[in-house]
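Chemist: So here's coords.cif (mmCIF, C-alpha atoms).
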data_structure
#
loop_
_atom_site.group_PDB
_atom_site.id
_atom_site.type_symbol
_atom_site.label_atom_id
_atom_site.label_comp_id
_atom_site.auth_asym_id
_atom_site.auth_seq_id
_atom_site.Cartn_x
_atom_site.Cartn_y
_atom_site.Cartn_z
ATOM 1 C CA MET A 1 -22.559 -15.708 4.104
ATOM 2 C CA ARG A 2 -23.950 -17.721 1.167
ATOM 3 C CA CYS A 3 -21.080 -16.508 -1.020
ATOM 4 C CA LEU A 4 -18.505 -17.590 1.556
ATOM 5 C CA ALA A 5 -20.147 -21.018 1.914
ATOM 6 C CA LEU A 6 -19.919 -21.465 -1.872
ATOM 7 C CA ARG A 7 -16.236 -20.448 -1.834
ATOM 8 C CA LEU A 8 -15.529 -22.967 0.939
ATOM 9 C CA LEU A 9 -17.259 -25.710 -1.087
ATOM 10 C CA LEU A 10 -15.263 -24.864 -4.202
ATOM 11 C CA LEU A 11 -12.054 -24.780 -2.168
ATOM 12 C CA ALA A 12 -12.819 -28.229 -0.714
ATOM 13 C CA VAL A 13 -13.169 -29.565 -4.268
ATOM 14 C CA ALA A 14 -9.859 -27.937 -5.239
ATOM 15 C CA LEU A 15 -8.097 -29.439 -2.228
ATOM 16 C CA ALA A 16 -9.482 -32.873 -3.106
ATOM 17 C CA SER A 17 -8.097 -32.460 -6.629
ATOM 18 C CA THR A 18 -4.716 -31.542 -5.148
ATOM 19 C CA GLU A 19 -4.751 -34.756 -3.102
ATOM 20 C CA ALA A 20 -5.522 -36.776 -6.243
ATOM 21 C CA ALA A 21 -2.598 -35.166 -8.067
ATOM 22 C CA TRP A 22 -0.090 -35.995 -5.308
ATOM 23 C CA ALA A 23 1.715 -38.619 -7.410
ATOM 24 C CA THR A 24 2.763 -36.034 -10.012
ATOM 25 C CA GLU A 25 2.725 -32.702 -8.161
ATOM 26 C CA PRO A 26 3.510 -33.206 -4.473
ATOM 27 C CA ALA A 27 1.737 -30.718 -2.208
ATOM 28 C CA ARG A 28 4.019 -30.098 0.759
ATOM 29 C CA PHE A 29 1.334 -29.007 3.246
ATOM 30 C CA PHE A 30 -2.121 -30.300 4.147
ATOM 31 C CA VAL A 31 -3.487 -26.722 4.133
ATOM 32 C CA MET A 32 -2.312 -24.590 1.203
ATOM 33 C CA GLY A 33 -3.403 -21.579 -0.784
ATOM 34 C CA ASP A 34 -3.002 -20.893 -4.488
ATOM 35 C CA GLY A 35 0.654 -19.869 -4.234
ATOM 36 C CA ARG A 36 -0.038 -16.127 -4.139
ATOM 37 C CA LEU A 37 -0.332 -13.728 -1.219
ATOM 38 C CA ALA A 38 -1.156 -10.038 -1.057
ATOM 39 C CA VAL A 39 -0.777 -8.354 2.338
ATOM 40 C CA ALA A 40 -0.687 -4.776 3.604
ATOM 41 C CA HIS A 41 0.473 -3.908 7.125
ATOM 42 C CA ALA A 42 -2.110 -1.636 8.746
ATOM 43 C CA HIS A 43 0.471 0.199 10.902
ATOM 44 C CA THR A 44 3.678 0.348 8.879
ATOM 45 C CA GLY A 45 2.161 0.637 5.399
ATOM 46 C CA ALA A 46 4.441 -2.131 4.100
ATOM 47 C CA ARG A 47 2.931 -4.199 1.303
ATOM 48 C CA ALA A 48 3.564 -7.364 -0.674
ATOM 49 C CA ASP A 49 1.702 -8.873 -3.624
ATOM 50 C CA VAL A 50 3.648 -11.831 -4.967
ATOM 51 C CA ARG A 51 3.533 -15.378 -6.301
ATOM 52 C CA TYR A 52 5.662 -17.199 -3.737
ATOM 53 C CA ARG A 53 5.136 -20.748 -5.037
ATOM 54 C CA ARG A 54 5.982 -21.638 -8.630
ATOM 55 C CA PRO A 55 3.788 -23.882 -10.839
ATOM 56 C CA ASP A 56 6.208 -26.784 -10.267
ATOM 57 C CA GLY A 57 5.647 -26.552 -6.494
ATOM 58 C CA SER A 58 9.012 -24.987 -5.625
ATOM 59 C CA TYR A 59 9.198 -21.825 -3.528
ATOM 60 C CA ASP A 60 10.526 -18.442 -4.667
ATOM 61 C CA ALA A 61 12.976 -17.214 -2.005
ATOM 62 C CA GLY A 62 12.814 -13.622 -3.259
ATOM 63 C CA ALA A 63 9.009 -13.512 -3.076
ATOM 64 C CA LEU A 64 9.050 -15.051 0.408
ATOM 65 C CA GLY A 65 11.523 -12.357 1.474
ATOM 66 C CA THR A 66 9.140 -9.671 0.185
ATOM 67 C CA ILE A 67 6.310 -11.113 2.287
ATOM 68 C CA ARG A 68 8.507 -11.328 5.374
ATOM 69 C CA ARG A 69 9.594 -7.703 5.052
ATOM 70 C CA ALA A 70 5.932 -6.705 4.989
ATOM 71 C CA PHE A 71 5.443 -8.601 8.259
ATOM 72 C CA ARG A 72 7.987 -6.507 10.205
ATOM 73 C CA SER A 73 6.838 -4.773 13.372
ATOM 74 C CA ALA A 74 6.904 -0.996 13.695
ATOM 75 C CA GLY A 75 10.430 0.381 14.087
ATOM 76 C CA ASP A 76 12.020 -2.978 13.275
ATOM 77 C CA GLY A 77 14.833 -2.753 10.754
ATOM 78 C CA GLY A 78 15.393 -6.507 10.666
ATOM 79 C CA PRO A 79 14.356 -8.911 7.902
ATOM 80 C CA GLY A 80 10.995 -9.814 9.431
ATOM 81 C CA LYS A 81 9.673 -13.328 9.947
ATOM 82 C CA ALA A 82 6.757 -15.358 8.613
ATOM 83 C CA SER A 83 7.000 -19.139 8.479
ATOM 84 C CA LEU A 84 6.233 -20.918 5.234
ATOM 85 C CA ARG A 85 3.453 -22.819 6.998
ATOM 86 C CA LEU A 86 1.827 -19.532 8.094
ATOM 87 C CA ILE A 87 2.141 -18.048 4.603
ATOM 88 C CA GLU A 88 0.318 -21.062 3.129
ATOM 89 C CA VAL A 89 -2.495 -20.784 5.691
ATOM 90 C CA LEU A 90 -2.926 -17.054 4.987
ATOM 91 C CA SER A 91 -2.953 -17.746 1.248
ATOM 92 C CA HIS A 92 -5.648 -20.360 1.907
ATOM 93 C CA LEU A 93 -7.767 -17.740 3.710
ATOM 94 C CA GLN A 94 -7.208 -15.213 0.930
ATOM 95 C CA HIS A 95 -8.115 -17.741 -1.748
ATOM 96 C CA THR A 96 -11.225 -18.719 0.246
ATOM 97 C CA THR A 97 -12.533 -15.177 0.740
ATOM 98 C CA GLY A 98 -11.163 -13.271 -2.248
ATOM 99 C CA VAL A 99 -10.047 -10.481 0.113
ATOM 100 C CA ARG A 100 -6.994 -8.722 -1.406
ATOM 101 C CA PRO A 101 -4.844 -7.565 0.169
ATOM 102 C CA LEU A 102 -5.125 -9.095 3.614
ATOM 103 C CA SER A 103 -4.816 -6.327 6.202
ATOM 104 C CA LEU A 104 -2.225 -7.213 8.858
ATOM 105 C CA VAL A 105 -3.193 -5.747 12.205
ATOM 106 C CA SER A 106 -0.108 -7.442 13.609
ATOM 107 C CA GLY A 107 2.430 -9.724 11.916
ATOM 108 C CA TYR A 108 5.916 -10.415 13.236
ATOM 109 C CA ARG A 109 6.838 -8.739 16.515
ATOM 110 C CA SER A 110 10.424 -8.623 17.639
ATOM 111 C CA PRO A 111 10.745 -9.854 21.254
ATOM 112 C CA THR A 112 11.713 -6.317 22.305
ATOM 113 C CA TYR A 113 8.681 -4.799 20.592
ATOM 114 C CA ASN A 114 6.381 -7.456 22.072
ATOM 115 C CA GLU A 115 7.690 -6.819 25.580
ATOM 116 C CA GLY A 116 7.189 -3.087 25.080
ATOM 117 C CA LEU A 117 3.546 -3.734 24.238
ATOM 118 C CA ARG A 118 3.146 -5.770 27.418
ATOM 119 C CA GLN A 119 4.722 -3.059 29.551
ATOM 120 C CA ARG A 120 2.266 -0.537 28.104
ATOM 121 C CA GLY A 121 -0.623 -2.768 29.141
ATOM 122 C CA ALA A 122 -1.489 -4.130 25.696
ATOM 123 C CA LYS A 123 -3.001 -7.604 25.323
ATOM 124 C CA ALA A 124 0.184 -9.336 24.176
ATOM 125 C CA ALA A 125 1.187 -12.750 25.474
ATOM 126 C CA GLY A 126 4.601 -13.433 26.924
ATOM 127 C CA GLY A 127 6.310 -15.881 24.579
ATOM 128 C CA SER A 128 3.866 -14.835 21.856
ATOM 129 C CA LEU A 129 4.044 -16.810 18.611
ATOM 130 C CA HIS A 130 4.160 -13.442 16.848
ATOM 131 C CA THR A 131 7.789 -13.226 18.056
ATOM 132 C CA GLU A 132 8.678 -16.380 16.097
ATOM 133 C CA GLY A 133 6.926 -15.460 12.848
ATOM 134 C CA LEU A 134 4.238 -18.059 13.472
ATOM 135 C CA ALA A 135 1.224 -15.764 13.955
ATOM 136 C CA ALA A 136 -0.717 -12.940 12.335
ATOM 137 C CA ASP A 137 -3.738 -10.863 13.306
ATOM 138 C CA VAL A 138 -5.733 -10.265 10.119
ATOM 139 C CA ALA A 139 -8.703 -7.933 9.604
ATOM 140 C CA PHE A 140 -11.640 -9.225 7.560
ATOM 141 C CA PRO A 141 -15.095 -7.869 6.757
ATOM 142 C CA ARG A 142 -17.137 -8.580 9.879
ATOM 143 C CA ALA A 143 -19.677 -10.667 7.965
ATOM 144 C CA LEU A 144 -16.908 -13.195 7.174
ATOM 145 C CA LEU A 145 -15.207 -13.426 10.556
ATOM 146 C CA ARG A 146 -17.208 -16.118 12.292
ATOM 147 C CA ASP A 147 -17.374 -18.457 9.287
ATOM 148 C CA LEU A 148 -13.611 -18.139 8.804
ATOM 149 C CA TRP A 149 -13.024 -18.860 12.485
ATOM 150 C CA LEU A 150 -15.177 -21.984 12.216
ATOM 151 C CA GLU A 151 -13.319 -23.008 9.052
ATOM 152 C CA LEU A 152 -9.965 -22.818 10.867
ATOM 153 C CA ARG A 153 -11.395 -24.860 13.714
ATOM 154 C CA ARG A 154 -12.587 -27.490 11.228
ATOM 155 C CA LEU A 155 -9.168 -27.737 9.580
ATOM 156 C CA GLU A 156 -7.468 -28.411 12.962
ATOM 157 C CA CYS A 157 -4.311 -26.807 11.617
ATOM 158 C CA CYS A 158 -3.966 -23.705 13.685
ATOM 159 C CA GLY A 159 -4.587 -21.497 16.638
ATOM 160 C CA ALA A 160 -7.616 -19.320 15.873
ATOM 161 C CA GLY A 161 -8.745 -16.326 17.920
ATOM 162 C CA TYR A 162 -12.080 -14.660 17.115
ATOM 163 C CA TYR A 163 -12.098 -10.922 17.878
ATOM 164 C CA ALA A 164 -15.472 -9.839 16.513
ATOM 165 C CA LYS A 165 -15.542 -6.430 18.219
ATOM 166 C CA ASN A 166 -12.131 -5.501 16.781
ATOM 167 C CA GLY A 167 -12.827 -7.018 13.376
ATOM 168 C CA PHE A 168 -9.893 -9.436 13.116
ATOM 169 C CA LEU A 169 -8.849 -13.048 13.470
ATOM 170 C CA HIS A 170 -5.687 -14.188 15.197
ATOM 171 C CA VAL A 171 -4.168 -17.013 13.130
ATOM 172 C CA ASP A 172 -1.139 -19.013 14.195
ATOM 173 C CA VAL A 173 0.450 -22.342 13.273
ATOM 174 C CA GLY A 174 0.994 -23.522 16.816
ATOM 175 C CA ARG A 175 -1.148 -26.123 18.549
ATOM 176 C CA PRO A 176 -4.681 -26.381 17.123
ATOM 177 C CA ARG A 177 -6.921 -24.471 19.557
ATOM 178 C CA PHE A 178 -9.485 -21.685 19.450
ATOM 179 C CA TRP A 179 -10.727 -18.864 21.642
ATOM 180 C CA GLU A 180 -12.576 -15.574 21.934
ATOM 181 C CA PRO A 181 -11.437 -12.522 23.973
ATOM 182 C CA THR A 182 -13.124 -13.782 27.151
ATOM 183 C CA THR A 183 -11.398 -17.178 26.897
ATOM 184 C CA SER A 184 -7.975 -16.138 25.574
ATOM 185 C CA ARG A 185 -6.236 -16.106 29.012
ATOM 186 C CA VAL A 186 -3.566 -13.905 27.431
ATOM 187 C CA ASP A 187 -2.782 -12.257 30.787
ATOM 188 C CA GLU A 188 -1.791 -15.584 32.371
ATOM 189 C CA ASN A 189 1.463 -16.038 30.399
ATOM 190 C CA LEU A 190 0.613 -19.675 29.736
ATOM 191 C CA SER A 191 3.912 -20.384 27.941
ATOM 192 C CA ALA A 192 6.048 -19.550 30.981
ATOM 193 C CA GLY A 193 8.476 -22.217 32.161
ATOM 194 C CA ASN A 194 8.375 -24.099 28.818
ATOM 195 C CA ALA A 195 4.812 -25.216 29.570
ATOM 196 C CA ARG A 196 3.633 -24.961 25.968
ATOM 197 C CA ILE A 197 6.603 -26.200 23.962
ATOM 198 C CA PHE A 198 5.707 -27.720 20.605
ATOM 199 C CA ALA A 199 7.528 -28.688 17.408
ATOM 200 C CA ARG A 200 6.801 -28.130 13.731
ATOM 201 C CA THR A 201 8.309 -29.908 10.739
ATOM 202 C CA GLU A 202 9.368 -27.858 7.732
ATOM 203 C CA PHE A 203 6.671 -29.543 5.595
ATOM 204 C CA ASP A 204 3.747 -31.946 6.142
ATOM 205 C CA ARG A 205 4.519 -34.331 3.301
ATOM 206 C CA TYR A 206 7.827 -36.069 2.603
ATOM 207 C CA ALA A 207 9.174 -38.674 0.221
ATOM 208 C CA ARG A 208 10.641 -41.850 1.699
ATOM 209 C CA GLY A 209 14.181 -41.245 2.903
ATOM 210 C CA GLU A 210 13.901 -37.448 2.551
ATOM 211 C CA PRO A 211 15.497 -35.606 5.499
ATOM 212 C CA ILE A 212 12.931 -34.055 7.843
ATOM 213 C CA VAL A 213 13.830 -30.737 9.465
ATOM 214 C CA LEU A 214 11.876 -29.804 12.581
ATOM 215 C CA THR A 215 11.965 -26.780 14.861
ATOM 216 C CA VAL A 216 11.054 -26.506 18.528
ATOM 217 C CA HIS A 217 8.984 -23.452 19.460
ATOM 218 C CA ALA A 218 7.723 -21.661 22.586
ATOM 219 C CA LEU A 219 10.934 -22.485 24.463
ATOM 220 C CA THR A 220 10.887 -19.779 27.136
ATOM 221 C CA VAL A 221 13.541 -21.177 29.510
ATOM 222 C CA PRO A 222 16.456 -22.712 27.582
ATOM 223 C CA PRO A 223 18.177 -25.035 27.189
ATOM 224 C CA LEU A 224 15.833 -27.860 26.233
ATOM 225 C CA ARG A 225 17.257 -31.369 26.361
ATOM 226 C CA LEU A 226 15.782 -33.930 23.927
ATOM 227 C CA LYS A 227 16.505 -37.642 23.628
ATOM 228 C CA ALA A 228 18.224 -38.335 20.319
ATOM 229 C CA THR A 229 16.170 -41.493 19.752
ATOM 230 C CA THR A 230 12.470 -40.854 19.282
ATOM 231 C CA THR A 231 9.378 -42.222 17.536
ATOM 232 C CA LEU A 232 7.065 -41.466 14.649
ATOM 233 C CA VAL A 233 3.741 -42.520 16.165
ATOM 234 C CA ALA A 234 1.739 -43.910 13.241
ATOM 235 C CA ALA A 235 -1.979 -43.308 12.785
ATOM 236 C CA SER A 236 -2.197 -46.951 11.708
ATOM 237 C CA GLY A 237 0.358 -49.736 11.603
ATOM 238 C CA PRO A 238 3.563 -49.989 13.641
ATOM 239 C CA ASP A 239 5.357 -46.971 15.063
ATOM 240 C CA VAL A 240 8.654 -46.031 13.426
ATOM 241 C CA PRO A 241 11.816 -45.347 15.480
ATOM 242 C CA VAL A 242 13.822 -42.350 14.237
ATOM 243 C CA HIS A 243 17.012 -40.585 15.241
ATOM 244 C CA LEU A 244 17.424 -36.845 15.770
ATOM 245 C CA GLU A 245 20.573 -35.053 14.649
ATOM 246 C CA ALA A 246 21.791 -31.576 15.558
ATOM 247 C CA PRO A 247 25.521 -31.010 14.902
ATOM 248 C CA GLY A 248 27.320 -29.556 17.886
ATOM 249 C CA LEU A 249 24.359 -30.014 20.252
ATOM 250 C CA ALA A 250 24.799 -33.674 21.254
ATOM 251 C CA ALA A 251 25.613 -34.509 24.881
ATOM 252 C CA ASP A 252 27.338 -37.623 26.201
ATOM 253 C CA ASP A 253 24.114 -39.046 27.692
ATOM 254 C CA GLY A 254 22.295 -39.534 24.379
ATOM 255 C CA CYS A 255 20.474 -36.214 24.548
ATOM 256 C CA LEU A 256 20.567 -33.089 22.397
ATOM 257 C CA GLU A 257 20.765 -29.712 24.107
ATOM 258 C CA LEU A 258 18.825 -26.998 22.263
ATOM 259 C CA PRO A 259 20.019 -23.506 23.261
ATOM 260 C CA ALA A 260 17.053 -21.393 22.108
ATOM 261 C CA THR A 261 13.563 -21.444 20.670
ATOM 262 C CA GLY A 262 13.600 -21.929 16.912
ATOM 263 C CA THR A 263 16.585 -24.308 16.953
ATOM 264 C CA GLU A 264 16.463 -26.755 14.043
ATOM 265 C CA VAL A 265 16.839 -30.520 14.457
ATOM 266 C CA ARG A 266 17.093 -33.026 11.600
ATOM 267 C CA VAL A 267 15.639 -36.502 11.199
ATOM 268 C CA ALA A 268 17.758 -38.490 8.741
ATOM 269 C CA GLY A 269 14.664 -39.766 6.919
ATOM 270 C CA VAL A 270 11.931 -42.360 7.234
ATOM 271 C CA GLU A 271 12.342 -45.244 4.791
ATOM 272 C CA SER A 272 8.806 -46.644 4.997
ATOM 273 C CA ALA A 273 5.441 -45.098 4.182
ATOM 274 C CA ALA A 274 3.780 -43.724 7.285
ATOM 275 C CA ARG A 275 1.330 -41.134 8.498
ATOM 276 C CA GLY A 276 1.400 -39.865 12.056
ATOM 277 C CA HIS A 277 3.397 -37.426 14.157
ATOM 278 C CA LEU A 278 6.750 -37.328 15.889
ATOM 279 C CA VAL A 279 6.824 -37.556 19.671
ATOM 280 C CA LEU A 280 10.036 -36.148 21.140
ATOM 281 C CA SER A 281 11.045 -37.119 24.675
ATOM 282 C CA THR A 282 12.699 -34.545 26.928
ATOM 283 C CA CYS A 283 15.610 -35.515 29.158
ATOM 284 C CA GLU A 284 15.871 -35.061 32.895
ATOM 285 C CA PRO A 285 16.439 -32.842 34.740
ATOM 286 C CA ARG A 286 13.572 -30.846 33.233
ATOM 287 C CA ILE A 287 13.532 -27.083 33.747
ATOM 288 C CA GLU A 288 10.472 -25.654 35.509
ATOM 289 C CA ARG A 289 7.293 -26.782 33.658
ATOM 290 C CA THR A 290 8.999 -28.562 30.752
ATOM 291 C CA PRO A 291 6.746 -31.472 29.689
ATOM 292 C CA PRO A 292 8.033 -35.062 29.347
ATOM 293 C CA THR A 293 7.180 -35.126 25.624
ATOM 294 C CA VAL A 294 6.960 -32.619 22.751
ATOM 295 C CA GLU A 295 4.837 -33.352 19.695
ATOM 296 C CA THR A 296 5.000 -32.229 16.074
ATOM 297 C CA ASN A 297 2.209 -31.579 13.605
ATOM 298 C CA PRO A 298 0.772 -34.561 11.687
ATOM 299 C CA LEU A 299 2.963 -35.578 8.754
ATOM 300 C CA GLU A 300 2.983 -38.072 5.936
ATOM 301 C CA VAL A 301 5.798 -40.049 4.341
ATOM 302 C CA ARG A 302 4.941 -41.462 0.906
#
The structure given in the file should be rewritten as structure tokens.

Modeler:
Amino acid sequence: MRCLALRLLLLAVALASTEAAWATEPARFFVMGDGRLAVAHAHTGARADVRYRRPDGSYDAGALGTIRRAFRSAGDGGPGKASLRLIEVLSHLQHTTGVRPLSLVSGYRSPTYNEGLRQRGAKAAGGSLHTEGLAADVAFPRALLRDLWLELRRLECCGAGYYAKNGFLHVDVGRPRFWEPTTSRVDENLSAGNARIFARTEFDRYARGEPIVLTVHALTVPPLRLKATTTLVAASGPDVPVHLEAPGLAADDGCLELPATGTEVRVAGVESAARGHLVLSTCEPRIERTPPTVETNPLEVR
């Protein structure tokens, strides 16, 4: 425990140094690792041990592909999925603990594989973020589990599930929230009817005028209709109006019609410095439990 506390302190110092170096070496996410990730899938045997982020801050597409192949579910011949945001969070945990490789109890699950688990009575949520490459269940030494869970809660970056009996943490890059097995409510299918739609931008930090790509997730009953004009709600100062673009998806009433979860939408760019989050408004008529607004992660334009 004392060793982990020391690692967390050293990591906090390193993150502070990264913030100070923003002017010369932009860090694209608020939570990042050291640019390396070693993982081994506990069920498929697939492995990856790569440097996915170069010293200049750019990302290595080949290395990212190697990681994503290691995330594939059993019997899945597809490319596998793991979002860049999730990879950075896992690298952060690896850098914090020194555990190499991270043991994936579950990484990406194809929707078919996930539904098969549910039909066999396994504890798998309908609309699971595993099916979008946004979640991983990772085994850690039991002595580290609780402190890591509390660290994720402190960062407010992620979903964090604490499974002490099974020896793993669930980590996702959806809405910040936390739970234990008795409070997970996994059997209630909480995402049904679009009830838990959220959006994530490609990065957390952007330069002024840089296009912002965002993706809507947990869309269980498509299509989703979004107003093309929306707002960056600033943490301080005036809010900033922005316009959403999605070629081929615009309707005549000023709304965009997104056909599936994971559909990308582009913001042309914010020309003034701001820190806050985007609030997207949904258009009527709203399907089932679709909320009136959908929010992104916090972001910063500098």

Chemist: Have a look at CA of Arg72 (chain A) and CA of Asp34 (chain A) and let me know their distance in Å, one decimal.

Modeler: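 Computing it gives 23.3 Å between the two atoms.
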
Chemist: Could you list, as a PDB file with C-alpha atoms, in the coordinates of the input, every residue within 8 Å of Val294 (chain A), counting all atoms listed in the file and ignoring same-chain residues fewer than 4 positions away?

Modeler:
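Final file, selection27.pdb:
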ATOM      1  CA  ILE A 197       6.603 -26.200  23.962  1.00  0.00           C
ATOM      2  CA  PHE A 198       5.707 -27.720  20.605  1.00  0.00           C
ATOM      3  CA  ALA A 199       7.528 -28.688  17.408  1.00  0.00           C
ATOM      4  CA  VAL A 279       6.824 -37.556  19.671  1.00  0.00           C
ATOM      5  CA  LEU A 280      10.036 -36.148  21.140  1.00  0.00           C
ATOM      6  CA  SER A 281      11.045 -37.119  24.675  1.00  0.00           C
ATOM      7  CA  THR A 282      12.699 -34.545  26.928  1.00  0.00           C
TER       8      THR A 282
END

Chemist: Tell me which of A:Val171, A:Leu190, A:Val265, A:Ala195 sits closest to Pro211 (chain A), counting all atoms listed in the file.

Modeler: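 So, comparing all the options, the nearest one is A:Val265.
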
Chemist: Which polymer residues have any atom within 7 Å of an atom of region 215-228 of chain A, counting only C-alpha atoms, with same-chain residues fewer than 3 positions away left out, as a PyMOL selection string?

Modeler: chain A and resi 127+191-194+196-201+243-245+254-265+280-283

Chemist: Keeping only C-alpha atoms, write those residues as a tab-separated table (two decimals), in the frame of the given file.

Modeler:
chain	number	residue	atom	x	y	z
A	127	GLY	CA	6.31	-15.88	24.58
A	191	SER	CA	3.91	-20.38	27.94
A	192	ALA	CA	6.05	-19.55	30.98
A	193	GLY	CA	8.48	-22.22	32.16
A	194	ASN	CA	8.38	-24.10	28.82
A	196	ARG	CA	3.63	-24.96	25.97
A	197	ILE	CA	6.60	-26.20	23.96
A	198	PHE	CA	5.71	-27.72	20.60
A	199	ALA	CA	7.53	-28.69	17.41
A	200	ARG	CA	6.80	-28.13	13.73
A	201	THR	CA	8.31	-29.91	10.74
A	243	HIS	CA	17.01	-40.58	15.24
A	244	LEU	CA	17.42	-36.84	15.77
A	245	GLU	CA	20.57	-35.05	14.65
A	254	GLY	CA	22.30	-39.53	24.38
A	255	CYS	CA	20.47	-36.21	24.55
A	256	LEU	CA	20.57	-33.09	22.40
A	257	GLU	CA	20.76	-29.71	24.11
A	258	LEU	CA	18.82	-27.00	22.26
A	259	PRO	CA	20.02	-23.51	23.26
A	260	ALA	CA	17.05	-21.39	22.11
A	261	THR	CA	13.56	-21.44	20.67
A	262	GLY	CA	13.60	-21.93	16.91
A	263	THR	CA	16.58	-24.31	16.95
A	264	GLU	CA	16.46	-26.76	14.04
A	265	VAL	CA	16.84	-30.52	14.46
A	280	LEU	CA	10.04	-36.15	21.14
A	281	SER	CA	11.04	-37.12	24.68
A	282	THR	CA	12.70	-34.54	26.93
A	283	CYS	CA	15.61	-35.52	29.16

Chemist: CA of Thr229 (chain A) and CA of Leu129 (chain A), how far apart in Å?

Modeler: 27.5 Å

Chemist: Do you know which residues the PyMOL selection byres ((chain A and resi 69) around 8) returns on this file, as JSON, numbers by chain?

Modeler: {"A": [46, 65, 66, 67, 68, 70, 71, 72, 79, 80, 81]}

Chemist: So that I can see what lies close to Ala207 (chain A), please list as a list of chain:residue names the residues with an atom at most 12 Å from it, counting only C-alpha atoms and leaving out residues fewer than 4 positions away in the same chain.

Modeler: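 Listed by chain and then number, they are A:Trp22, A:Ala23, A:Pro26, A:Ala27, A:Arg28, A:Phe203, A:Pro211, A:Ile212, A:Gly269, A:Val270, A:Glu271, A:Ser272, A:Ala273, A:Ala274, A:Arg275, A:Leu299, A:Glu300, A:Val301, A:Arg302.
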
Chemist: Could you list, as a PyMOL selection string, every residue within 8 Å of His95 (chain A), counting only C-alpha atoms and ignoring same-chain residues fewer than 4 positions away?

Modeler: chain A and resi 33-34+91+99

Chemist: Residues near region 162-165 of chain A, anyone? I mean within 9 Å using only C-alpha atoms, not counting same-chain ones fewer than 6 positions away, as a short mmCIF file (atom, residue, chain, number, x, y, z; two decimals) with C-alpha atoms, in the frame of the given file.

Modeler:
data_model
loop_
_atom_site.label_atom_id
_atom_site.label_comp_id
_atom_site.auth_asym_id
_atom_site.auth_seq_id
_atom_site.Cartn_x
_atom_site.Cartn_y
_atom_site.Cartn_z
CA ARG A 142 -17.14 -8.58 9.88
CA LEU A 145 -15.21 -13.43 10.56
CA ARG A 146 -17.21 -16.12 12.29
CA TRP A 149 -13.02 -18.86 12.48
CA PHE A 178 -9.48 -21.68 19.45
CA TRP A 179 -10.73 -18.86 21.64
CA GLU A 180 -12.58 -15.57 21.93
CA PRO A 181 -11.44 -12.52 23.97
#

Chemist: If I take CA of Thr131 (chain A) and CA of Tyr108 (chain A), how far is one from the other in Å, to one decimal?

Modeler: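 Going from CA of Thr131 (chain A) over to CA of Tyr108 (chain A), I get 5.9 Å.
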
Chemist: Using the chain letters and numbers from the file, give me the residues hit by the PyMOL selection byres ((chain A and resi 276) around 6), as a list of chain:residue names.

Modeler: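 After applying the PyMOL selection byres ((chain A and resi 276) around 6), what remains is A:Val233, A:Ala234, A:Ala235, A:Arg275, A:His277, A:Pro298, A:Leu299.
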
Chemist: Just checking: using all atoms listed in the file, which residue out of A:Ala251, A:Val240, A:Leu104, A:Leu278 ends up closest to His41 (chain A)?

Modeler: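 Using all atoms listed in the file, the shortest distance to His41 (chain A) belongs to A:Leu104.
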
Chemist: Take the PyMOL selection byres ((chain A and resi 90) around 9), run it mentally on this structure, and tell me the resulting residues as a PyMOL selection string.

Modeler: chain A and resi 32-33+37+85-89+91-95+102+136+138+171

Chemist: Select, from A:Leu148, A:Leu134, A:Cys158, A:Ala268, the residue with the minimum atom-to-atom distance to Ala82 (chain A), counting all atoms listed in the file.

Modeler: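 Going through A:Leu148, A:Leu134, A:Cys158, A:Ala268 one by one, the smallest distance to Ala82 (chain A) is for A:Leu134.
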
Chemist: Need the neighbours of (-1.3, -25.9, 13.7): which residues are at most 8 Å away, counting all atoms listed in the file, as a PyMOL selection string?

Modeler: chain A and resi 156-159+172-176+297

Chemist: Looking at A:Gly62, A:Gly167, A:Gly161, A:Pro55, which one is nearest to Thr183 (chain A), with distances taken over all atoms listed in the file?

Modeler: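 The answer is A:Gly161, which sits nearest to Thr183 (chain A).
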
Chemist: Nearest residue to Val213 (chain A) out of A:Ala246, A:Ala40, A:Pro291, A:Arg153, using all atoms listed in the file?

Modeler: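 Of all the options, A:Ala246 lies closest to Val213 (chain A).
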
Chemist: Write only C-alpha atoms for region 258-269 of chain A from the block just shown, as a CSV table (one decimal), in the first residue's frame.

Modeler:
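The resulting file, result-v2.csv, is reproduced below:
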chain,number,residue,atom,x,y,z
A,258,LEU,CA,-27.3,9.8,-36.4
A,259,PRO,CA,-28.0,6.2,-37.6
A,260,ALA,CA,-26.0,4.2,-35.1
A,261,THR,CA,-23.9,4.4,-31.9
A,262,GLY,CA,-20.4,5.4,-32.6
A,263,THR,CA,-21.3,7.9,-35.4
A,264,GLU,CA,-18.8,10.8,-35.7
A,265,VAL,CA,-19.9,14.4,-35.7
A,266,ARG,CA,-17.5,17.3,-36.3
A,267,VAL,CA,-17.3,20.8,-34.8
A,268,ALA,CA,-15.7,23.2,-37.2
A,269,GLY,CA,-13.5,24.6,-34.4
